[in-house]
Every structure is written in C-alpha cells, then in structure tokens.
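Asks: Quick one: the structure is below, and I'll ask about it shortly.
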Amino acid sequence: INTSYLNALVHLGQLDNALNQVRGMLPCVRDGKITSICEEMSLKNEMIPLHSIIPSAVQASWRLNRWDVLDQLLDVSISSSKNLIHDNNIVQKDGLEAQYSIAVGKAMFALHERNEQGVISALKEARESIIPSLSVAAQENYTRAYPYLLKLHCLREIEDSCNLLCQPETCNSRVQSFADMVNTDWGWNSRLESSGENTSASINIITTRLGLAQIASNTTIEASLWLEAGKRARKGRLYHVAENSLSHAEALYRRLHSENSSSIVDISTSDRLDISLSE
C-alpha cells in the first residue's frame with residue numbers, strides 16, 4: 001500500500017476505499033498488538049509500516065462516523081508507535097505528521113464519547129506535533145509556516161466546540177446551541193473568509209467542521225458545509241472533490257426536505273452542469 005495513494009484517496013473523498021485498503025492489514029493485529037507475523041509480512045513484501053498508513057484510515061474513519069473502527073485503529077496506532085516510531089530514521093517530519101493525524105482522531109473520538117479530558121489531552125498532543133515544524137518554517141517565511149498555522153486553527157475550532165459537545169445530549173437543545181454558536185460566538189463564516197482564495201486551506205477547515213457538525217447531529221449545518229466545500233473545490237478546479245461534496249450536500253438537503261418541507265434548499269443545476277462541463 002502506498003502512503004501517497006492513501007492520502008490521495010482521502011483528499012478526493014474516497015474514504016471507504018481508503019479505510020478498506022488499510023483494514024485489509026488489520027487481521028494481523030490481535031488485541032491491539034501487532035503480531036510478529038504482521039511485521040514479517042511488512043518486511044517480506046516491502047510494505048510501508050502500519051504507523052505510516054494508519055493516519056489516513058484514522059481520518060477516514062472519523063469523517064465517516066465509523067467510531068468502532070476508529071477505536072480499533074487508535075489502539076493499533078499505540079502498538080505501532082511502540083514498535084516502530086522510535087526508530088531515529090522515522091521520527092522526523094513523517095512521524096510528526098502521523099502523530100498529528102492520530103491526535104486529531106483521538107480528539108474527535110473523545111468528543112463523540114463526551115470525554116472532555118480526552119479532548120484536551122489529544123489537542124495537547126496534536127499541538128506538540130506541530131510546534132517543531134512550525135518553529136523551523138517560521139524562520140524562513142510565512143508561506144512555509146502557513147500549513148502549520150492552519151492546523152492550529154483547526155485545533156482551535158475543535159477546542160471551541162469541546163465544552164458544548166461534551167455536555168449531555170438533550171433532544172434538540174444541543175443541536176440548536178451548536179447552530180447558535182456557529183453563527184455568533186465562533187464566527188465560522190468570517191474565519192473561513194480569512195483563508196482567502198486558498199482552496200486547500202478552506203477545505204481542510206471545512207473538513208474539521210463537518211466532523212464537529214456530525215458529532216453535534218446538526219444536519220442543516222453539515223449540508224451547508226458540504227455545499228460550501230463543493231463550491232470552493234469547483235472554483236479551485238478540484239472537480240472530483242466538488243462532485244463528491246455536492247453529492248453529499250444534495251443527499252442531506254433531500255433528507256431535510258423529507259423531514260421538514262420548509263427546510264429544503266436545492267442545489268442549483270448550474271453547479272452540477274459546470275462540473276460536468278469542466279471534467
């Protein structure tokens with residue numbers, strides 16, 4: 001399995017495919033521990049160590065709300081780290097990137113479990129994985145530092161939502177409170193506008209927000225985020241990403257329409273036409 005291939009699948013929104021690619025190796029795992037057979041298979045077939053491919057599956061699982069799979073992957077990542085990541089040749093940039101992705105997965109899982117301390121611990125781990133690279137990049141120029149600042153921005157939005165999402169769920173109050181915070185205190189719209197014309201940056205922010213909206217069970221905000229992602233991806237000529245995002249948005253808006261006819265917001269046919277003509 002090629003790490004770049006997995007990253008591409010996640011970037012294009014082919015989350016089930018990416019997850020299945022990695023889960024194909026997990027039968028070699030017993031009770032959260034990598035067996036010697038699995039390690040031998042990796043060496044014999046010259047496959048990338050598990051710690052290098054699990055981060056993609058971790059992101060795919062929380063984006064798909066596959067919490068049982070995420071729980072298993074996080075257990076495997078702990079064993080993988082103990083066995084592999086202490087190699088001095090590994091604990092460099094790739095190791096820090098893996099640590100960040102897994103830490104975000106831990107934070108999302110803790111939010112799902114309403115474990116506030118778990119969220120705080122995971123965010124601390126994620127920030128610690130960013131600082132070394134940010135310190136180096138900041139000495140060069142802003143452009144080099146920007147991707148790391150973007151990650152800190154995403155972590156801050158997870159932190160903002162922690163107090164609300166870790167509260168006990170009570171009918172529609174949690175859903176409405178989340179919507180109110182998005183539109184007022186958190187200022188999601190103005191924050192997203194600050195990313196400017198950087199399509200990749202805006203979609204990364206939206207991806208984090210989609211995870212939070214799903215945990216909050218706010219379908220209306222989730223649908224609007226998919227629609228925004230689709231529009232921005234199309235504008236950035238990421239047509240496959242745009243098509244996938246708009247398909248999700250359309251499905252969610254139809255679901256809202258079936259639940260409440262007054263909430264329907266159709267995706268304009270021009271959105272889909274522009275995509276098909278550009279491909």
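Convention: chains lettered A, B, ... in structure tokens order; per-chain residue numbering from 1; ligands numbered from 1 as shown.
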I want to know what sits within 12 Å of A:Asp185, based on only C-alpha atoms, with residues of the same chain fewer than 6 positions away left out; could you give that as an mmCIF file with all heavy atoms, in the first residue's frame?
Replies:
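Saved file part_21.cif follows:
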```cif
data_model
loop_
_atom_site.group_PDB
_atom_site.id
_atom_site.type_symbol
_atom_site.label_atom_id
_atom_site.label_comp_id
_atom_site.auth_asym_id
_atom_site.auth_seq_id
_atom_site.Cartn_x
_atom_site.Cartn_y
_atom_site.Cartn_z
ATOM 1 N N GLU A 157 -10.712 25.284 16.619
ATOM 2 C CA GLU A 157 -12.150 25.114 16.398
ATOM 3 C C GLU A 157 -12.672 23.866 17.110
ATOM 4 O O GLU A 157 -13.804 23.845 17.587
ATOM 5 C CB GLU A 157 -12.445 25.078 14.900
ATOM 6 C CG GLU A 157 -12.122 26.400 14.213
ATOM 7 C CD GLU A 157 -12.904 26.634 12.944
ATOM 8 O OE1 GLU A 157 -13.488 25.671 12.408
ATOM 9 O OE2 GLU A 157 -12.939 27.800 12.483
ATOM 10 N N ASP A 160 -12.911 24.975 20.690
ATOM 11 C CA ASP A 160 -14.078 25.839 20.901
ATOM 12 C C ASP A 160 -15.345 25.021 21.133
ATOM 13 O O ASP A 160 -16.202 25.390 21.934
ATOM 14 C CB ASP A 160 -14.298 26.738 19.672
ATOM 15 C CG ASP A 160 -13.295 27.881 19.606
ATOM 16 O OD1 ASP A 160 -12.654 28.171 20.628
ATOM 17 O OD2 ASP A 160 -13.152 28.482 18.513
ATOM 18 N N SER A 161 -15.451 23.921 20.394
ATOM 19 C CA SER A 161 -16.682 23.117 20.454
ATOM 20 C C SER A 161 -16.697 22.128 21.615
ATOM 21 O O SER A 161 -17.732 21.518 21.895
ATOM 22 C CB SER A 161 -16.863 22.345 19.144
ATOM 23 O OG SER A 161 -15.825 21.403 18.980
ATOM 24 N N SER A 177 -28.065 24.789 20.088
ATOM 25 C CA SER A 177 -26.952 25.519 20.714
ATOM 26 C C SER A 177 -25.733 25.519 19.803
ATOM 27 O O SER A 177 -25.028 26.531 19.686
ATOM 28 C CB SER A 177 -26.589 24.877 22.060
ATOM 29 O OG SER A 177 -27.652 24.981 22.970
ATOM 30 N N PHE A 178 -25.482 24.396 19.145
ATOM 31 C CA PHE A 178 -24.361 24.308 18.215
ATOM 32 C C PHE A 178 -24.559 25.288 17.064
ATOM 33 O O PHE A 178 -23.630 26.018 16.687
ATOM 34 C CB PHE A 178 -24.244 22.879 17.682
ATOM 35 C CG PHE A 178 -23.072 22.651 16.769
ATOM 36 C CD1 PHE A 178 -21.800 22.452 17.275
ATOM 37 C CD2 PHE A 178 -23.247 22.641 15.388
ATOM 38 C CE1 PHE A 178 -20.719 22.252 16.435
ATOM 39 C CE2 PHE A 178 -22.173 22.441 14.536
ATOM 40 C CZ PHE A 178 -20.902 22.238 15.059
ATOM 41 N N ALA A 179 -25.752 25.331 16.512
ATOM 42 C CA ALA A 179 -26.048 26.248 15.412
ATOM 43 C C ALA A 179 -25.872 27.700 15.850
ATOM 44 O O ALA A 179 -25.324 28.524 15.107
ATOM 45 C CB ALA A 179 -27.467 26.016 14.910
ATOM 46 N N ARG A 191 -14.195 33.488 9.729
ATOM 47 C CA ARG A 191 -12.933 32.753 9.817
ATOM 48 C C ARG A 191 -12.598 32.084 8.493
ATOM 49 O O ARG A 191 -11.442 32.070 8.066
ATOM 50 C CB ARG A 191 -13.011 31.687 10.923
ATOM 51 C CG ARG A 191 -12.931 32.219 12.341
ATOM 52 C CD ARG A 191 -12.903 31.065 13.324
ATOM 53 N NE ARG A 191 -12.818 31.514 14.699
ATOM 54 C CZ ARG A 191 -12.731 30.679 15.746
ATOM 55 N NH1 ARG A 191 -12.729 29.373 15.539
ATOM 56 N NH2 ARG A 191 -12.642 31.141 16.970
#
```
Asks: Give me, as an MDAnalysis selection string, all polymer residues having an atom no more than 12 Å from A:Ser202, counting only C-alpha atoms and skipping those fewer than 5 positions away in the same chain.
Replies: chainID A and resid 147 150:151 153:154 188:197 207:209 225:226 228:233 235:236
Asks: Run DSSP on the backbone and give me the residues of stretch 81-159 of chain A it puts in alpha helix (DSSP H), as a PyMOL selection string.
Replies: chain A and resi 93-112+116-138+142-159
Asks: Report, in Å with one decimal, the straight-line distance from atom CA of A:Leu210 to atom CA of A:Val76.
Replies: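 These two atoms are separated by 25.1 Å.
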Asks: Find the residues around stretch 122-127 of chain A up to 12 Å (only C-alpha atoms counted), leave out those fewer than 2 positions away in its own chain, and share them as number ranges by chain.
Replies: A: 74, 96-111, 115-120, 129-134, 148-160, 162
Asks: So what do you get for atom CA of A:Val69 versus atom CA of A:Glu243, distance-wise?
Replies: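 These two atoms are separated by 26.3 Å.
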Asks: Which is closest to A:Asn65 among A:Leu6, A:Ile203, A:Ala242, A:Ala213, if we use only C-alpha atoms?
Replies: A:Ala213
Asks: Could you check the closest approach to A:Asn204 for each of A:Gln21, A:Gly187, A:Gly13, A:Gln72 and tell me which residue wins, using only C-alpha atoms?
Replies: A:Gly13
